[in-house]
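Chemist: You'll find query-v1.cif just under this line, and it carries mmCIF, N, CA, C and O atoms.
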data_my_file
loop_
_atom_site.label_atom_id
_atom_site.label_comp_id
_atom_site.auth_asym_id
_atom_site.auth_seq_id
_atom_site.Cartn_x
_atom_site.Cartn_y
_atom_site.Cartn_z
N MET A 21 -31.67 72.07 -11.89
CA MET A 21 -32.50 72.84 -12.78
C MET A 21 -33.86 72.99 -12.11
O MET A 21 -34.28 72.11 -11.36
N GLN A 22 -34.50 74.13 -12.40
CA GLN A 22 -35.82 74.37 -11.84
C GLN A 22 -36.71 75.02 -12.88
O GLN A 22 -36.26 75.89 -13.65
N GLU A 23 -37.96 74.58 -12.92
CA GLU A 23 -38.93 75.19 -13.83
C GLU A 23 -39.04 76.68 -13.53
O GLU A 23 -38.95 77.10 -12.38
N LEU A 24 -39.28 77.46 -14.57
CA LEU A 24 -39.42 78.90 -14.41
C LEU A 24 -40.84 79.32 -14.08
O LEU A 24 -41.10 80.47 -13.74
N VAL A 25 -41.78 78.38 -14.20
CA VAL A 25 -43.19 78.65 -13.90
C VAL A 25 -43.68 77.63 -12.87
O VAL A 25 -43.07 76.59 -12.67
N SER A 26 -44.78 77.95 -12.24
CA SER A 26 -45.35 77.06 -11.24
C SER A 26 -45.62 75.69 -11.86
O SER A 26 -46.06 75.62 -13.01
N PRO A 27 -45.32 74.61 -11.20
CA PRO A 27 -45.04 74.45 -9.77
C PRO A 27 -43.56 74.48 -9.40
O PRO A 27 -43.18 74.06 -8.32
N TYR A 28 -42.67 74.96 -10.27
CA TYR A 28 -41.25 75.16 -9.97
C TYR A 28 -40.54 73.87 -9.54
O TYR A 28 -39.75 73.85 -8.61
N ARG A 29 -40.85 72.78 -10.24
CA ARG A 29 -40.24 71.49 -9.90
C ARG A 29 -38.73 71.52 -10.13
O ARG A 29 -38.23 72.22 -11.01
N LEU A 30 -38.03 70.70 -9.34
CA LEU A 30 -36.57 70.62 -9.41
C LEU A 30 -36.14 69.32 -10.07
O LEU A 30 -36.77 68.27 -9.89
N LEU A 31 -35.05 69.38 -10.81
CA LEU A 31 -34.43 68.21 -11.40
C LEU A 31 -32.93 68.40 -11.32
O LEU A 31 -32.40 69.44 -11.72
N GLN A 32 -32.24 67.42 -10.77
CA GLN A 32 -30.78 67.49 -10.68
C GLN A 32 -30.20 66.67 -11.82
O GLN A 32 -30.60 65.52 -12.04
N LEU A 33 -29.28 67.24 -12.56
CA LEU A 33 -28.61 66.56 -13.66
C LEU A 33 -27.13 66.49 -13.32
O LEU A 33 -26.47 67.52 -13.15
N THR A 34 -26.60 65.28 -13.21
CA THR A 34 -25.19 65.07 -12.92
C THR A 34 -24.50 64.63 -14.21
O THR A 34 -24.94 63.67 -14.83
N LEU A 35 -23.46 65.34 -14.60
CA LEU A 35 -22.69 65.01 -15.79
C LEU A 35 -21.29 64.57 -15.37
O LEU A 35 -20.67 65.19 -14.51
N ARG A 36 -20.79 63.53 -16.01
CA ARG A 36 -19.42 63.08 -15.78
C ARG A 36 -18.78 62.87 -17.15
O ARG A 36 -19.36 62.24 -18.02
N VAL A 37 -17.59 63.42 -17.32
CA VAL A 37 -16.88 63.30 -18.59
C VAL A 37 -15.54 62.64 -18.32
O VAL A 37 -14.83 62.98 -17.39
N TYR A 38 -15.22 61.66 -19.17
CA TYR A 38 -14.00 60.88 -19.04
C TYR A 38 -13.20 61.01 -20.33
O TYR A 38 -13.70 61.53 -21.33
N ASN A 39 -11.98 60.48 -20.35
CA ASN A 39 -11.18 60.49 -21.58
C ASN A 39 -11.89 59.75 -22.70
O ASN A 39 -11.78 60.11 -23.86
N GLU A 40 -12.59 58.68 -22.38
CA GLU A 40 -13.21 57.83 -23.39
C GLU A 40 -14.71 58.01 -23.53
O GLU A 40 -15.35 57.29 -24.28
N GLY A 41 -15.32 58.92 -22.81
CA GLY A 41 -16.77 59.04 -22.93
C GLY A 41 -17.37 60.01 -21.95
O GLY A 41 -16.68 60.75 -21.27
N ALA A 42 -18.68 59.98 -21.89
CA ALA A 42 -19.44 60.87 -21.01
C ALA A 42 -20.62 60.10 -20.44
O ALA A 42 -21.10 59.13 -21.02
N ALA A 43 -21.08 60.53 -19.27
CA ALA A 43 -22.23 59.90 -18.62
C ALA A 43 -23.08 60.98 -17.98
O ALA A 43 -22.59 62.05 -17.63
N PHE A 44 -24.37 60.70 -17.85
CA PHE A 44 -25.25 61.63 -17.15
C PHE A 44 -26.29 60.86 -16.37
O PHE A 44 -26.58 59.71 -16.66
N CYS A 45 -26.82 61.51 -15.34
CA CYS A 45 -27.80 60.88 -14.46
C CYS A 45 -28.80 61.94 -14.01
O CYS A 45 -28.42 63.05 -13.66
N TYR A 46 -30.09 61.57 -14.05
CA TYR A 46 -31.14 62.44 -13.53
C TYR A 46 -31.47 62.04 -12.10
O TYR A 46 -31.56 60.86 -11.80
N THR A 47 -31.68 63.03 -11.23
CA THR A 47 -32.14 62.78 -9.87
C THR A 47 -33.27 63.76 -9.58
O THR A 47 -33.14 64.95 -9.87
N ILE A 48 -34.36 63.25 -9.03
CA ILE A 48 -35.47 64.12 -8.65
C ILE A 48 -35.41 64.29 -7.13
O ILE A 48 -35.68 63.35 -6.39
N PRO A 49 -34.99 65.47 -6.66
CA PRO A 49 -34.89 65.67 -5.21
C PRO A 49 -36.27 65.72 -4.55
O PRO A 49 -37.27 65.98 -5.22
N SER A 50 -36.30 65.47 -3.26
CA SER A 50 -37.55 65.57 -2.50
C SER A 50 -38.09 66.99 -2.63
O SER A 50 -37.34 67.96 -2.51
N GLN A 51 -39.39 67.09 -2.90
CA GLN A 51 -40.01 68.40 -3.07
C GLN A 51 -41.52 68.30 -2.90
O GLN A 51 -42.09 67.22 -3.06
N VAL A 52 -42.11 69.41 -2.57
CA VAL A 52 -43.55 69.47 -2.36
C VAL A 52 -44.25 69.06 -3.66
O VAL A 52 -43.88 69.48 -4.75
N GLY A 53 -45.27 68.24 -3.53
CA GLY A 53 -46.05 67.82 -4.67
C GLY A 53 -45.55 66.56 -5.35
O GLY A 53 -46.23 66.00 -6.19
N LEU A 54 -44.35 66.11 -5.00
CA LEU A 54 -43.82 64.88 -5.59
C LEU A 54 -43.51 63.83 -4.54
O LEU A 54 -42.83 62.85 -4.85
N ALA A 55 -43.99 64.00 -3.36
CA ALA A 55 -43.76 63.01 -2.31
C ALA A 55 -44.45 61.70 -2.67
O ALA A 55 -45.62 61.69 -3.05
N GLY A 56 -43.73 60.62 -2.61
CA GLY A 56 -44.31 59.31 -2.87
C GLY A 56 -44.53 58.99 -4.34
O GLY A 56 -45.17 58.00 -4.67
N VAL A 57 -44.03 59.81 -5.24
CA VAL A 57 -44.20 59.55 -6.67
C VAL A 57 -43.39 58.31 -7.03
O VAL A 57 -42.22 58.19 -6.72
N THR A 58 -44.05 57.35 -7.70
CA THR A 58 -43.36 56.11 -8.05
C THR A 58 -43.46 55.76 -9.52
O THR A 58 -42.77 54.89 -10.00
N ASN A 59 -44.33 56.42 -10.26
CA ASN A 59 -44.55 56.06 -11.65
C ASN A 59 -44.00 57.13 -12.59
O ASN A 59 -44.73 57.78 -13.32
N LEU A 60 -42.68 57.31 -12.55
CA LEU A 60 -42.03 58.29 -13.42
C LEU A 60 -41.39 57.56 -14.58
O LEU A 60 -40.82 56.49 -14.42
N THR A 61 -41.47 58.12 -15.76
CA THR A 61 -40.84 57.50 -16.92
C THR A 61 -39.71 58.39 -17.41
O THR A 61 -39.80 59.62 -17.38
N GLU A 62 -38.66 57.77 -17.85
CA GLU A 62 -37.49 58.46 -18.37
C GLU A 62 -37.56 58.36 -19.89
O GLU A 62 -37.75 57.29 -20.43
N GLN A 63 -37.42 59.48 -20.59
CA GLN A 63 -37.63 59.49 -22.03
C GLN A 63 -36.44 60.10 -22.78
O GLN A 63 -36.61 60.80 -23.78
N THR A 64 -35.23 59.80 -22.34
CA THR A 64 -34.04 60.30 -23.01
C THR A 64 -33.90 59.63 -24.37
O THR A 64 -34.15 58.44 -24.51
N GLU A 65 -33.52 60.38 -25.37
CA GLU A 65 -33.30 59.86 -26.72
C GLU A 65 -31.90 60.20 -27.19
O GLU A 65 -31.35 61.24 -26.83
N VAL A 66 -31.34 59.34 -28.02
CA VAL A 66 -30.10 59.61 -28.72
C VAL A 66 -30.44 59.55 -30.20
O VAL A 66 -31.00 58.57 -30.67
N ARG A 67 -30.13 60.62 -30.93
CA ARG A 67 -30.46 60.67 -32.36
C ARG A 67 -29.18 60.82 -33.17
O ARG A 67 -28.31 61.61 -32.82
N PHE A 68 -29.09 60.06 -34.25
CA PHE A 68 -27.94 60.12 -35.13
C PHE A 68 -28.33 60.82 -36.42
O PHE A 68 -29.48 60.77 -36.85
N ASP A 69 -27.35 61.43 -37.08
CA ASP A 69 -27.65 62.18 -38.30
C ASP A 69 -27.56 61.35 -39.58
O ASP A 69 -27.73 61.87 -40.68
N ALA A 70 -27.31 60.04 -39.44
CA ALA A 70 -27.26 59.15 -40.60
C ALA A 70 -27.61 57.73 -40.15
O ALA A 70 -27.68 57.45 -38.95
N ASP A 71 -27.81 56.86 -41.10
CA ASP A 71 -28.15 55.46 -40.81
C ASP A 71 -26.86 54.63 -40.70
O ASP A 71 -26.54 53.82 -41.56
N TYR A 72 -26.13 54.87 -39.63
CA TYR A 72 -24.80 54.28 -39.43
C TYR A 72 -24.88 52.76 -39.21
O TYR A 72 -25.90 52.25 -38.74
N PRO A 73 -23.76 52.07 -39.48
CA PRO A 73 -23.67 50.65 -39.12
C PRO A 73 -23.77 50.51 -37.60
O PRO A 73 -23.28 51.36 -36.85
N ALA A 74 -24.39 49.44 -37.16
CA ALA A 74 -24.55 49.19 -35.72
C ALA A 74 -24.49 47.69 -35.47
O ALA A 74 -24.64 46.89 -36.38
N TRP A 75 -24.27 47.33 -34.21
CA TRP A 75 -24.24 45.93 -33.79
C TRP A 75 -25.24 45.78 -32.65
O TRP A 75 -25.18 46.51 -31.67
N ALA A 76 -26.17 44.86 -32.81
CA ALA A 76 -27.27 44.73 -31.84
C ALA A 76 -27.47 43.28 -31.45
O ALA A 76 -27.17 42.35 -32.20
N THR A 77 -28.00 43.10 -30.24
CA THR A 77 -28.44 41.79 -29.77
C THR A 77 -29.75 41.99 -29.02
O THR A 77 -30.05 43.08 -28.54
N TYR A 78 -30.53 40.93 -28.90
CA TYR A 78 -31.85 41.04 -28.29
C TYR A 78 -32.01 40.15 -27.07
O TYR A 78 -33.11 40.02 -26.54
N THR A 79 -30.92 39.55 -26.63
CA THR A 79 -30.93 38.75 -25.40
C THR A 79 -29.72 39.12 -24.57
O THR A 79 -28.68 39.50 -25.11
N ALA A 80 -29.85 39.02 -23.25
CA ALA A 80 -28.73 39.31 -22.37
C ALA A 80 -27.57 38.38 -22.70
O ALA A 80 -27.76 37.17 -22.87
N GLN A 81 -26.40 38.94 -22.84
CA GLN A 81 -25.18 38.19 -23.17
C GLN A 81 -25.34 37.42 -24.48
O GLN A 81 -24.75 36.36 -24.67
N GLY A 82 -26.14 37.96 -25.41
CA GLY A 82 -26.38 37.31 -26.70
C GLY A 82 -25.30 37.62 -27.71
O GLY A 82 -24.38 38.40 -27.47
N VAL A 83 -25.42 37.02 -28.86
CA VAL A 83 -24.51 37.24 -29.96
C VAL A 83 -24.95 38.50 -30.70
O VAL A 83 -26.12 38.64 -31.05
N TYR A 84 -24.01 39.39 -30.95
CA TYR A 84 -24.31 40.63 -31.67
C TYR A 84 -24.26 40.38 -33.17
O TYR A 84 -23.41 39.64 -33.66
N SER A 85 -25.17 41.01 -33.90
CA SER A 85 -25.15 40.93 -35.35
C SER A 85 -25.11 42.34 -35.93
O SER A 85 -25.67 43.27 -35.36
N GLN A 86 -24.43 42.48 -37.07
CA GLN A 86 -24.30 43.79 -37.69
C GLN A 86 -25.58 44.14 -38.43
O GLN A 86 -26.21 43.31 -39.07
N THR A 87 -25.97 45.40 -38.31
CA THR A 87 -27.16 45.93 -38.95
C THR A 87 -26.91 47.42 -39.20
O THR A 87 -25.76 47.85 -39.24
N THR A 88 -27.94 48.17 -39.36
CA THR A 88 -27.86 49.63 -39.40
C THR A 88 -28.79 50.17 -38.31
O THR A 88 -29.61 49.42 -37.76
N ILE A 89 -28.68 51.44 -38.02
CA ILE A 89 -29.55 52.01 -36.99
C ILE A 89 -31.02 51.78 -37.34
O ILE A 89 -31.81 51.40 -36.48
N SER A 90 -31.39 51.95 -38.61
CA SER A 90 -32.79 51.75 -38.99
C SER A 90 -33.21 50.29 -38.90
O SER A 90 -34.40 49.99 -38.83
N GLY A 91 -32.25 49.38 -38.87
CA GLY A 91 -32.56 47.96 -38.79
C GLY A 91 -32.69 47.42 -37.38
O GLY A 91 -32.98 46.25 -37.17
N ILE A 92 -32.50 48.28 -36.39
CA ILE A 92 -32.59 47.85 -34.99
C ILE A 92 -34.05 47.75 -34.59
O ILE A 92 -34.81 48.71 -34.73
N GLY A 93 -34.44 46.59 -34.08
CA GLY A 93 -35.81 46.38 -33.63
C GLY A 93 -35.99 46.73 -32.17
O GLY A 93 -35.02 47.04 -31.47
N SER A 94 -37.22 46.68 -31.70
CA SER A 94 -37.47 46.98 -30.29
C SER A 94 -36.91 45.85 -29.43
O SER A 94 -36.80 44.71 -29.87
N GLY A 95 -36.54 46.18 -28.23
CA GLY A 95 -36.02 45.19 -27.30
C GLY A 95 -34.52 44.97 -27.42
O GLY A 95 -33.99 44.00 -26.88
N CYS A 96 -33.83 45.87 -28.11
CA CYS A 96 -32.38 45.75 -28.27
C CYS A 96 -31.71 45.88 -26.90
O CYS A 96 -32.05 46.76 -26.11
N GLU A 97 -30.77 44.99 -26.63
CA GLU A 97 -30.05 45.04 -25.35
C GLU A 97 -28.93 46.07 -25.39
O GLU A 97 -28.55 46.56 -26.45
N ARG A 98 -28.39 46.39 -24.24
CA ARG A 98 -27.28 47.32 -24.12
C ARG A 98 -26.00 46.56 -23.82
O ARG A 98 -26.07 45.50 -23.22
N PRO A 99 -24.86 47.05 -24.22
CA PRO A 99 -24.66 48.30 -24.95
C PRO A 99 -24.95 48.13 -26.44
O PRO A 99 -24.85 47.04 -26.99
N LEU A 100 -25.30 49.22 -27.06
CA LEU A 100 -25.48 49.29 -28.51
C LEU A 100 -24.24 49.97 -29.07
O LEU A 100 -23.88 51.06 -28.63
N THR A 101 -23.58 49.34 -30.02
CA THR A 101 -22.38 49.91 -30.62
C THR A 101 -22.71 50.42 -32.01
O THR A 101 -23.33 49.71 -32.81
N VAL A 102 -22.29 51.66 -32.30
CA VAL A 102 -22.56 52.30 -33.58
C VAL A 102 -21.24 52.82 -34.14
O VAL A 102 -20.43 53.41 -33.41
N GLN A 103 -21.01 52.60 -35.43
CA GLN A 103 -19.80 53.08 -36.08
C GLN A 103 -20.10 54.41 -36.77
O GLN A 103 -20.87 54.47 -37.73
N LEU A 104 -19.46 55.49 -36.28
CA LEU A 104 -19.70 56.83 -36.82
C LEU A 104 -18.75 57.18 -37.95
O LEU A 104 -19.02 58.10 -38.71
N GLY A 105 -17.63 56.47 -38.04
CA GLY A 105 -16.64 56.75 -39.08
C GLY A 105 -15.53 55.72 -38.99
O GLY A 105 -15.58 54.81 -38.16
N THR A 106 -14.51 55.88 -39.81
CA THR A 106 -13.36 54.98 -39.77
C THR A 106 -12.71 55.08 -38.39
O THR A 106 -12.33 56.16 -37.96
N ASN A 107 -12.64 53.96 -37.71
CA ASN A 107 -12.05 53.89 -36.37
C ASN A 107 -12.71 54.83 -35.35
O ASN A 107 -12.07 55.28 -34.41
N LEU A 108 -13.99 55.14 -35.55
CA LEU A 108 -14.73 55.98 -34.60
C LEU A 108 -16.06 55.29 -34.26
O LEU A 108 -16.93 55.14 -35.12
N TYR A 109 -16.19 54.84 -33.03
CA TYR A 109 -17.34 54.10 -32.57
C TYR A 109 -17.91 54.75 -31.32
O TYR A 109 -17.19 55.41 -30.57
N VAL A 110 -19.19 54.53 -31.09
CA VAL A 110 -19.83 54.95 -29.85
C VAL A 110 -20.55 53.73 -29.30
O VAL A 110 -21.16 52.95 -30.04
N ALA A 111 -20.45 53.53 -28.00
CA ALA A 111 -21.17 52.44 -27.33
C ALA A 111 -22.13 53.09 -26.34
O ALA A 111 -21.71 53.79 -25.42
N LEU A 112 -23.41 52.87 -26.55
CA LEU A 112 -24.44 53.45 -25.68
C LEU A 112 -24.86 52.41 -24.66
O LEU A 112 -25.27 51.31 -25.01
N GLY A 113 -24.75 52.75 -23.40
CA GLY A 113 -25.12 51.83 -22.33
C GLY A 113 -26.01 52.53 -21.33
O GLY A 113 -26.40 53.68 -21.48
N GLU A 114 -26.34 51.79 -20.30
CA GLU A 114 -27.20 52.32 -19.25
C GLU A 114 -26.74 51.70 -17.94
O GLU A 114 -26.51 50.49 -17.87
N ALA A 115 -26.60 52.51 -16.93
CA ALA A 115 -26.16 52.03 -15.63
C ALA A 115 -27.23 52.32 -14.59
O ALA A 115 -28.13 53.11 -14.81
N GLY A 116 -27.14 51.66 -13.48
CA GLY A 116 -28.06 51.92 -12.38
C GLY A 116 -29.47 51.45 -12.65
O GLY A 116 -30.42 52.05 -12.17
N LEU A 117 -29.62 50.40 -13.44
CA LEU A 117 -30.96 49.85 -13.69
C LEU A 117 -31.47 49.23 -12.40
O LEU A 117 -30.82 48.41 -11.79
N VAL A 118 -32.65 49.65 -11.99
CA VAL A 118 -33.21 49.19 -10.72
C VAL A 118 -34.62 48.68 -10.97
O VAL A 118 -35.42 49.34 -11.63
N THR A 119 -34.92 47.52 -10.44
CA THR A 119 -36.26 46.99 -10.53
C THR A 119 -36.96 47.25 -9.19
O THR A 119 -36.45 46.89 -8.13
N MET A 120 -38.10 47.91 -9.25
CA MET A 120 -38.87 48.19 -8.04
C MET A 120 -39.75 46.98 -7.73
O MET A 120 -40.44 46.48 -8.62
N ARG A 121 -39.72 46.54 -6.52
CA ARG A 121 -40.56 45.41 -6.11
C ARG A 121 -41.52 45.87 -5.03
O ARG A 121 -41.14 46.58 -4.11
N GLY A 122 -42.76 45.46 -5.18
CA GLY A 122 -43.79 45.89 -4.24
C GLY A 122 -43.89 44.97 -3.14
O GLY A 122 -44.02 44.84 -2.09
#
Let me see the structure of the file written as structure tokens.
Modeler:
Amino acid sequence: MQELVSPYRLLQLTLRVYNEGAAFCYTIPSQVGLAGVTNLTEQTEVRFDADYPAWATYTAQGVYSQTTISGIGSGCERPLTVQLGTNLYVALGEAGLVTMRG
């Protein structure tokens, strides 16, 4: 994808679809004006149309407890499991987490 107005920045979006789910990844290709950029923030959101039941934990490999989407506090670990209907669940995860070290 490319902006339609100056500075015409580029963003590559890779989508993968599987029988059981979908995944996407953003990549910022090398381009003029963004050389050496290190402080980029990712602001993807997932929004639900109701306050569905959910299971959350706040520590790595912690015990999950049932709540609702509105009951989820900050610092929730992944994956987050949400029940959308009878026998219909979604698990939201994140892959490729990288810690930058100076």
Chemist: Using the chain letters and residue numbers of this document, give as an MDAnalysis selection string the residues selected by the PyMOL selection byres (((chain A and resi 70 and name CA) around 10) and name CA).
Modeler: chainID A and resid 67:69 71:73 88:90 104
Chemist: Given the selection you just returned, output its residues as a file containing N, CA, C and O atoms, formatted as a compact mmCIF listing (two decimals), in the coordinates of the input.
Modeler:
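Below is the file selection.txt, written as the result:
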# COMPACT_ATOMS: atom_id res chain seq x y z
N ARG A 67 -30.13 60.62 -30.93
CA ARG A 67 -30.46 60.67 -32.36
C ARG A 67 -29.18 60.82 -33.17
O ARG A 67 -28.31 61.61 -32.82
N PHE A 68 -29.09 60.06 -34.25
CA PHE A 68 -27.94 60.12 -35.13
C PHE A 68 -28.33 60.82 -36.42
O PHE A 68 -29.48 60.77 -36.85
N ASP A 69 -27.35 61.43 -37.08
CA ASP A 69 -27.65 62.18 -38.30
C ASP A 69 -27.56 61.35 -39.58
O ASP A 69 -27.73 61.87 -40.68
N ASP A 71 -27.81 56.86 -41.10
CA ASP A 71 -28.15 55.46 -40.81
C ASP A 71 -26.86 54.63 -40.70
O ASP A 71 -26.54 53.82 -41.56
N TYR A 72 -26.13 54.87 -39.63
CA TYR A 72 -24.80 54.28 -39.43
C TYR A 72 -24.88 52.76 -39.21
O TYR A 72 -25.90 52.25 -38.74
N PRO A 73 -23.76 52.07 -39.48
CA PRO A 73 -23.67 50.65 -39.12
C PRO A 73 -23.77 50.51 -37.60
O PRO A 73 -23.28 51.36 -36.85
N THR A 88 -27.94 48.17 -39.36
CA THR A 88 -27.86 49.63 -39.40
C THR A 88 -28.79 50.17 -38.31
O THR A 88 -29.61 49.42 -37.76
N ILE A 89 -28.68 51.44 -38.02
CA ILE A 89 -29.55 52.01 -36.99
C ILE A 89 -31.02 51.78 -37.34
O ILE A 89 -31.81 51.40 -36.48
N SER A 90 -31.39 51.95 -38.61
CA SER A 90 -32.79 51.75 -38.99
C SER A 90 -33.21 50.29 -38.90
O SER A 90 -34.40 49.99 -38.83
N LEU A 104 -19.46 55.49 -36.28
CA LEU A 104 -19.70 56.83 -36.82
C LEU A 104 -18.75 57.18 -37.95
O LEU A 104 -19.02 58.10 -38.71
Chemist: So which one's closest to Ala115 (chain A), A:Leu54, A:Leu30, A:Cys45, A:Val83? Using only N, CA, C and O atoms, please.
Modeler: A:Cys45
Chemist: Rounded to one decimal place, report the atom O of Thr61 (chain A)-CA of Val37 (chain A) distance in Å.
Modeler: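 Between these atoms lies a distance of 23.2 Å.
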Chemist: Tell me, in Å to one decimal, how far atom O of Ala74 (chain A) is from atom N of Glu114 (chain A).
Modeler: 16.9 Å
Chemist: Excluding Leu100 (chain A) and its own-chain neighbours fewer than 5 positions away, which residues fall within 10 Å of it when counting only C-alpha atoms? Please give them as a list in words.
Modeler: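 Returned residues: Ala74, Trp75, Ala76, Thr77, Tyr84, Ile89, Ile92, Val110, Ala111, Leu112, Gly113 and Glu114 of chain A.
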Chemist: Work out how far apart CA of Thr101 (chain A) and atom O of Gln86 (chain A) are and give it in Å to one decimal.
Modeler: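 Rounded to one decimal, the two atoms are 11.4 Å apart.
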Chemist: Write down as a PyMOL selection string the residues belonging to region 21-120 of chain A that are assigned strand (DSSP E) by DSSP computed on the backbone.
Modeler: chain A and resi 32-37+42-47+73-76+85-88+100-105+108-112
Chemist: Could you spell out the hits of the PyMOL selection byres (((chain A and resi 52 and name CA) around 12) and name CA) on the shown file, as an MDAnalysis selection string?
Modeler: chainID A and resid 26:30 48:51 53:57
Chemist: Would you please work out which residue, of A:Met21, A:Ala80, A:Leu31, A:Leu60, is nearest to Arg98 (chain A) when using only N, CA, C and O atoms?
Modeler: A:Ala80
Chemist: Skip Thr47 (chain A) itself and residues of its chain fewer than 3 positions away, then list as a ChimeraX atom specification all residues within 8 Å of it, counting only C-alpha atoms.
Modeler: /A:31-34
